[in-house]
Amino acid sequence: ESFSAKKSLKIFKDNNVSKIIELGAGLGRDSIFFALNKLSVCALDYSLSGINVINKKASEKNLNNLTTKVFDIRKKLPFEDNSIDACYSHMLYCMALTSKDLINLNNEIFRILKPNGLNIFTVRNEYDGDFKKGISRGEDMYENDGFIVHFFTKEKIQSLMNGFNNEILEMFEEGAFPRRLYFVVNKKTI
């Protein structure tokens, strides 16, 4: 599990969160970790092969509290209004999503969260070693080796506060490189 998943689990427990959505779950490292720690998890990812890996791991570990869905997060999220305790995503916002895509995603997260629901996400930031390297794709996106990363300043994170109060915004490092990221916890205000 990642540093951000461990930190998030404590925040979820402190806020009596029982049901979360992981957006952009990848191969499910964090989803499995949350499910093993008794949270009800729905893991969404664009990649069918990634979702298949998560399903296999969940089945091997008999995790009945982990469900999955292949999903493009640029679409309307497949959940009812005010129905989810928390959303979690690790570097999902760093994908090749435009600012408009991110605002739409943020509005959708706001819609599905219960009042006082949490949106916890991590993003690579302007102090990351890859920032401004490679081919500029606009809006603080840079392409290296065919892979586009969207980098975030604190101002860009603030632009995604519509309907949310920021509870935590702190920097951390991950991996040997190291990647420099922001850990963000936003709480739905109404």
# chains A, B, ... in the order shown; residues from 1 in each chain; ligands from 1

$ closest_atom_pairs --of "stretch 155-186 of chain A" --to "stretch 78-96 of chain A" --cutoff "12 Å" --atoms "only C-alpha atoms" --output "JSON lines"
{"residue": "A:Lys156", "atom": "CA", "partner": "A:Tyr93", "partner_atom": "CA", "distance": 11.2}
{"residue": "A:Ile157", "atom": "CA", "partner": "A:Tyr93", "partner_atom": "CA", "distance": 10.2}
{"residue": "A:Leu160", "atom": "CA", "partner": "A:Tyr93", "partner_atom": "CA", "distance": 10.9}
{"residue": "A:Glu174", "atom": "CA", "partner": "A:Met91", "partner_atom": "CA", "distance": 11.3}
{"residue": "A:Arg179", "atom": "CA", "partner": "A:Met91", "partner_atom": "CA", "distance": 10.9}
{"residue": "A:Arg180", "atom": "CA", "partner": "A:Met91", "partner_atom": "CA", "distance": 11.1}
{"residue": "A:Leu181", "atom": "CA", "partner": "A:Met91", "partner_atom": "CA", "distance": 8.6}
{"residue": "A:Tyr182", "atom": "CA", "partner": "A:Met91", "partner_atom": "CA", "distance": 9.6}
{"residue": "A:Phe183", "atom": "CA", "partner": "A:His90", "partner_atom": "CA", "distance": 9.0}
{"residue": "A:Val184", "atom": "CA", "partner": "A:Tyr88", "partner_atom": "CA", "distance": 9.9}
{"residue": "A:Val185", "atom": "CA", "partner": "A:Tyr88", "partner_atom": "CA", "distance": 9.3}
{"residue": "A:Asn186", "atom": "CA", "partner": "A:Ala86", "partner_atom": "CA", "distance": 9.9}

$ write_last_selection --atoms "N, CA and C atoms" --output "mmCIF file, in the first residue's frame"
data_model
loop_
_atom_site.group_PDB
_atom_site.id
_atom_site.type_symbol
_atom_site.label_atom_id
_atom_site.label_comp_id
_atom_site.auth_asym_id
_atom_site.auth_seq_id
_atom_site.Cartn_x
_atom_site.Cartn_y
_atom_site.Cartn_z
ATOM 1 N N LYS A 156 -3.615 25.657 -8.463
ATOM 2 C CA LYS A 156 -4.471 24.775 -9.265
ATOM 3 C C LYS A 156 -5.354 23.924 -8.341
ATOM 4 N N ILE A 157 -4.792 23.479 -7.221
ATOM 5 C CA ILE A 157 -5.588 22.722 -6.245
ATOM 6 C C ILE A 157 -6.701 23.615 -5.691
ATOM 7 N N LEU A 160 -9.912 23.854 -7.521
ATOM 8 C CA LEU A 160 -10.809 22.694 -7.450
ATOM 9 C C LEU A 160 -11.509 22.604 -6.089
ATOM 10 N N GLU A 174 7.679 10.211 -2.973
ATOM 11 C CA GLU A 174 7.396 8.796 -3.181
ATOM 12 C C GLU A 174 8.388 8.214 -4.176
ATOM 13 N N ARG A 179 9.491 11.227 -6.636
ATOM 14 C CA ARG A 179 8.384 12.057 -7.087
ATOM 15 C C ARG A 179 7.986 12.952 -5.929
ATOM 16 N N ARG A 180 7.625 14.198 -6.231
ATOM 17 C CA ARG A 180 7.132 15.103 -5.189
ATOM 18 C C ARG A 180 5.658 15.339 -5.430
ATOM 19 N N LEU A 181 4.877 15.086 -4.388
ATOM 20 C CA LEU A 181 3.424 15.147 -4.515
ATOM 21 C C LEU A 181 2.797 15.986 -3.411
ATOM 22 N N TYR A 182 1.582 16.432 -3.688
ATOM 23 C CA TYR A 182 0.733 16.999 -2.650
ATOM 24 C C TYR A 182 -0.271 15.938 -2.230
ATOM 25 N N PHE A 183 -0.507 15.878 -0.933
ATOM 26 C CA PHE A 183 -1.563 15.043 -0.345
ATOM 27 C C PHE A 183 -2.679 16.020 0.029
ATOM 28 N N VAL A 184 -3.854 15.822 -0.547
ATOM 29 C CA VAL A 184 -4.944 16.785 -0.393
ATOM 30 C C VAL A 184 -6.172 16.125 0.222
ATOM 31 N N VAL A 185 -6.702 16.733 1.271
ATOM 32 C CA VAL A 185 -7.965 16.268 1.857
ATOM 33 C C VAL A 185 -8.948 17.428 1.805
ATOM 34 N N ASN A 186 -10.021 17.222 1.045
ATOM 35 C CA ASN A 186 -11.090 18.223 0.943
ATOM 36 C C ASN A 186 -12.375 17.657 1.509
#

$ residues_around --residues "stretch 16-27 of chain A" --least-positions-apart "3" --cutoff "10 Å" --atoms "only C-alpha atoms" --output "PyMOL selection string"
chain A and resi 9-13+30-32+34-35+38-55+57+65-73+77+79+83-93+95+109+113+117-121

$ closest_residue --among "A:Thr153, A:Lys75, A:Gly28, A:Asp130" --to "A:Ala58" --atoms "only C-alpha atoms"
A:Gly28

$ closest_residue --among "A:Lys132, A:Arg137, A:Lys188, A:Arg74" --to "A:Ile112" --atoms "only C-alpha atoms"
A:Lys188

$ select_by_dssp --residues "chain A" --states "helix (DSSP H, G or I)" --output "PyMOL selection string"
chain A and resi 3-14+29-36+48-60+92-94+99-112+154-158

$ atom_distance --atom1 "atom CA of A:Gly175" --atom2 "atom CA of A:Ser2"
10.0 Å
